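This report concerns only the one structure given below.
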Amino acid sequence: MIQLIQTRWMHIRNHYKSLFFWLLLPLFATTIFTTIDTTVEDQLRIPVGIVTEDKTPLLQELLESIEDIPHVDVHYVSYEEGMHQLENHQLDSMYVFPEHYDDSVHTNERRGIVSQYTSNISFAAIPVRESIVSFIQEQLNRSKAANTIEKLFQTHHEVPPTKEEVAEISREIQANEKLIETTLLFSEEHSTTPASSFISMIDIWVIFTLFSTMMIFEWVVRERNHPTYIRVNFTNYQPKKYAIYQLMIYLFLFILVDLCMFAVLTYGMDVSIRLFSMVSMIVFRITIVCSIFLLALLFKQRFSYLMVCVFLFILLIGTSGMILPIDGILRHFPLFATLHPLQPVIHGEISYVWLIFSSVMSVLWLVTKEDIHAKSS
Amino acid sequence: MLKVHELSKNYGKKQVLNHVSFEVHKGEIVGLVGENGAGKSTLLHILATLQKQSSGHFTIDGQPDKNLRHIRKQIGFVPQEIALWEDFTVKENMKFFEKLSWKRVSDETLKALCEAMHLHVWDTLVRSLSGGMKRKLNMAISLIHDPPILLLDEPTVGIDLKSKKEIANYLTHVSSANDKTILYISHDMDEITSMCDRVISIGDDPFYEQILTQAGMEVTKLNNSRD
């Protein structure tokens, strides 16, 4: 094997710029896309000012909830600073929480619990205010429920649970029953809301991986139809064995680059990728490498191969639903999602159909009698 | 060393070889001549196991043609086309095929092999070599695993006389010194008469047979009456 790696390296050395360009293209495209996506998303977030000196637990809990609101960028400011930024439209709106916020919640004192300031061109003040008020409402109701239960127990002269215990149970109920997480759907429709923006990142990776693999595997056409290839018959490695080892070397390189990409995204860019999505991407990589290798074996001319690849690429991307909507096709032909080579991976699933097909075809190619008697020139 | 028995080859209805039989002994240099389309290259490709015969069989060093791996190990095949990596140097081409070869050979031996053929450009890119140099390298690569039998398909076509002589001298030397068996296709009758021990004539045209007989060569006419 080491000899084969050395011979492959001799080829790579002469074409390293082209190989590394195509090899690293999916990695760079995906990371650049993710960076741009994150930057644009950050710039599109609504700047909201928060003024508070209070460190009480309930207020901290509220502030964490506000920070978690999608598209809201929280800035902790002093009152004067906030007013100045608001006047300069650096903040879209500002919220001032008084001292002893917890006391106001426990006593159900709603007046003056929060003050809102907006500018004359605040565009998202109302939805942000509604979100914040809903969180405050949630805390007030939880506290009110605890007070009510406490009073009930006092009336019956029994030992009441503490307010904290009631609040904790309330939180558990809320978390388990997902009371405020509902998706509005038309009847007989399934939710198509993506779990996260990661799907878009996979789309980018799939597009560039497919195209770059097609371009890289031009070596199969180039080398197998080169006059030199006839010599492989008179070496320790018969043509099929030679080709399959070369395929394994390329597959190793591809998977190495993919693992690097996962590492860069996870540790360098703090993007969370589900383990199963990683597995599905690796499986996709193996599937397309085997499929494109088998496709390349059919060609004698590089030009014909490249033309067919471009056609297949446009066809696969065009019908994948990444660019053009294919909801109608999927409604009428649900099997389309299973049979399409790209559909499973862009939804973070494994394309078992194509994995099995490409594996079986590769094994068949490998075990069928070698075309050793076919004239090579 | 090489025994061919009743070998035939058809391309569809067209018969190229018709029950040809002959033997080549160890250490012999045998020329294979005939007009274009007579079936010389087809015969050589069948013996090199690159094409399958329609019927008949052959043995190399007692091994039947079905024993592909063993047969190929015995063969040094020099294709008519220049089969080199143009963007590699002479050294890289030699090392590339040494890595794939059955036999490990040192760089010094590889270099010596090239130099024995008067190919003294070790680190030069193949694409900048002359036709004669490329032909020499084309042959040197086929000799890396030190095969006992060489099958050469017009190895000197299109090169200058000096290079032809150098290649012929080398082949004569390896045949006599190392007992290598050589089957050699060529249209150059001077080359054939100066280098070969005897000649096998293939095809229907008696032209080559007559010329070579007049030159005092022993010519074996293959029974290759085609439909």
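Lettering and numbering for the structure tokens are positional, with chains as A, B, ... in the shown order, residues counted from 1 in each chain, and ligands counted from 1 in the shown order.
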
May I have the residues of chain A within 10 Å of chain B, counting only C-alpha atoms, written as a ChimeraX atom specification? /A:1-8,10-11,13-15,223,226-238,242,371-377

Among segment 11-93 of chain B, which residues does DSSP mark as alpha helix (DSSP H) when it is run on the backbone? Keep the chain and numbering as in the structure and answer as a PyMOL selection string. chain B and resi 40-47+68-74+90-93

Report as a PyMOL selection string all protein, DNA and RNA residues lying within 7 Å of Leu119 of chain B, evaluated on only C-alpha atoms, omitting residues in the same chain fewer than 2 positions from it. chain B and resi 114-115+117+121+133+136

Saved selection, atoms kept: C-alpha atoms, as a PDB file, in the first residue's frame:
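The resulting file, result17.pdb, is reproduced below:
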```pdb
ATOM      1  CA  CYS B 114      18.849   3.732 -18.418  1.00  0.00           C
ATOM      2  CA  GLU B 115      22.532   4.348 -18.921  1.00  0.00           C
ATOM      3  CA  MET B 117      20.623   2.151 -23.169  1.00  0.00           C
ATOM      4  CA  VAL B 121      19.223  12.186 -18.646  1.00  0.00           C
ATOM      5  CA  MET B 133      15.238   9.092 -25.688  1.00  0.00           C
ATOM      6  CA  LYS B 136      14.721   4.140 -24.792  1.00  0.00           C
TER       7      LYS B 136
END
```

Residue nearest Leu32 of chain B among B:Val126, B:Asp179, B:Asn169, B:Leu44 (counting only C-alpha atoms):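 Among the listed residues, B:Leu44 lies closest to Leu32 of chain B.
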
Let me make sure I understand: among B:Leu152, B:Gly31, B:Phe58, B:Ser41, which one has the smallest atom-to-atom distance to His19 of chain B if we use only C-alpha atoms?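 Of B:Leu152, B:Gly31, B:Phe58, B:Ser41, the one nearest His19 of chain B, counting only C-alpha atoms, is B:Phe58.
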
Write out as a list in words the set of residues from segment 50-113 of chain B that DSSP, computed on the backbone, places in strand (DSSP E).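 Those in segment 50-113 of chain B that DSSP calls strand (DSSP E) are Ser55, Gly56, His57, Phe58, Thr59, Ile60, Gln63, Pro64, Ile75, Gly76, Phe77 and Val78 of chain B.
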
Show which residues sit within 10 Å of Ser78 of chain A, as a PyMOL selection string. Count only C-alpha atoms, and ignore same-chain residues fewer than 6 positions away. chain A and resi 49-53+84+96

Writing out the chosen residues with N, CA and C atoms as a tab-separated table (two decimals), in the first residue's frame:
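What ended up in out_16.tsv:
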```
chain	number	residue	atom	x	y	z
A	49	GLY	N	-31.50	47.98	24.43
A	49	GLY	CA	-30.77	48.37	25.63
A	49	GLY	C	-31.51	47.92	26.89
A	50	ILE	N	-30.75	47.48	27.89
A	50	ILE	CA	-31.32	47.07	29.18
A	50	ILE	C	-30.62	47.88	30.26
A	51	VAL	N	-31.42	48.51	31.10
A	51	VAL	CA	-30.86	49.28	32.22
A	51	VAL	C	-31.32	48.64	33.51
A	52	THR	N	-30.38	48.17	34.30
A	52	THR	CA	-30.73	47.60	35.62
A	52	THR	C	-29.50	47.50	36.50
A	53	GLU	N	-29.72	47.67	37.76
A	53	GLU	CA	-28.66	47.48	38.75
A	53	GLU	C	-28.97	46.26	39.59
A	84	HIS	N	-28.69	58.20	25.24
A	84	HIS	CA	-27.86	58.80	24.19
A	84	HIS	C	-27.86	57.91	22.94
A	96	VAL	N	-36.00	49.71	31.10
A	96	VAL	CA	-35.40	50.03	32.40
A	96	VAL	C	-36.14	49.22	33.47
```

Could you please determine the separation between atom CA of Glu64 of chain A and atom CA of Pro161 of chain A in Å, to one decimal place? 26.5 Å

If you count only C-alpha atoms, the residue of B:Ser163, B:Ser176, B:Asn67, B:Thr124 closest to Pro148 of chain B turns out to be B:Ser176

All residues 10 Å or closer to Leu312 of chain A, only C-alpha atoms, same chain fewer than 4 positions away omitted, as JSON, numbers by chain: {"A": [210, 211, 214, 306, 307, 308, 316, 317, 318]}

Based on the selection just made, write C-alpha atoms of those residues as a CSV table (one decimal), in the first residue's frame.
```csv
chain,number,residue,atom,x,y,z
A,210,LEU,CA,-20.7,16.9,-5.3
A,211,PHE,CA,-19.1,19.2,-7.9
A,214,MET,CA,-16.9,15.1,-10.0
A,306,LEU,CA,-17.0,16.6,-17.7
A,307,MET,CA,-20.0,17.4,-19.8
A,308,VAL,CA,-22.0,14.5,-18.3
A,316,LEU,CA,-29.3,16.7,-9.1
A,317,ILE,CA,-29.1,20.2,-7.6
A,318,GLY,CA,-32.1,21.4,-9.5
```

By how many Å are atom CA of Thr155 of chain A and atom CA of Ala167 of chain A apart?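 Between atom CA of Thr155 of chain A and atom CA of Ala167 of chain A the gap is 20.2 Å.
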
Neighbour list for Ile159 of chain B as number ranges by chain, cut-off 7 Å, only C-alpha atoms, skip fewer than 4 positions in-chain: B: 131-132, 163-164

Suppose we keep C-alpha atoms; can you now write the selection as a PDB file, in the first residue's frame?
```
ATOM      1  CA  GLY B 131      11.805  10.797 -29.624  1.00  0.00           C
ATOM      2  CA  GLY B 132      14.792   8.469 -29.406  1.00  0.00           C
ATOM      3  CA  SER B 163      19.251   5.559 -31.270  1.00  0.00           C
ATOM      4  CA  LYS B 164      18.083   2.546 -33.248  1.00  0.00           C
TER       5      LYS B 164
END
```
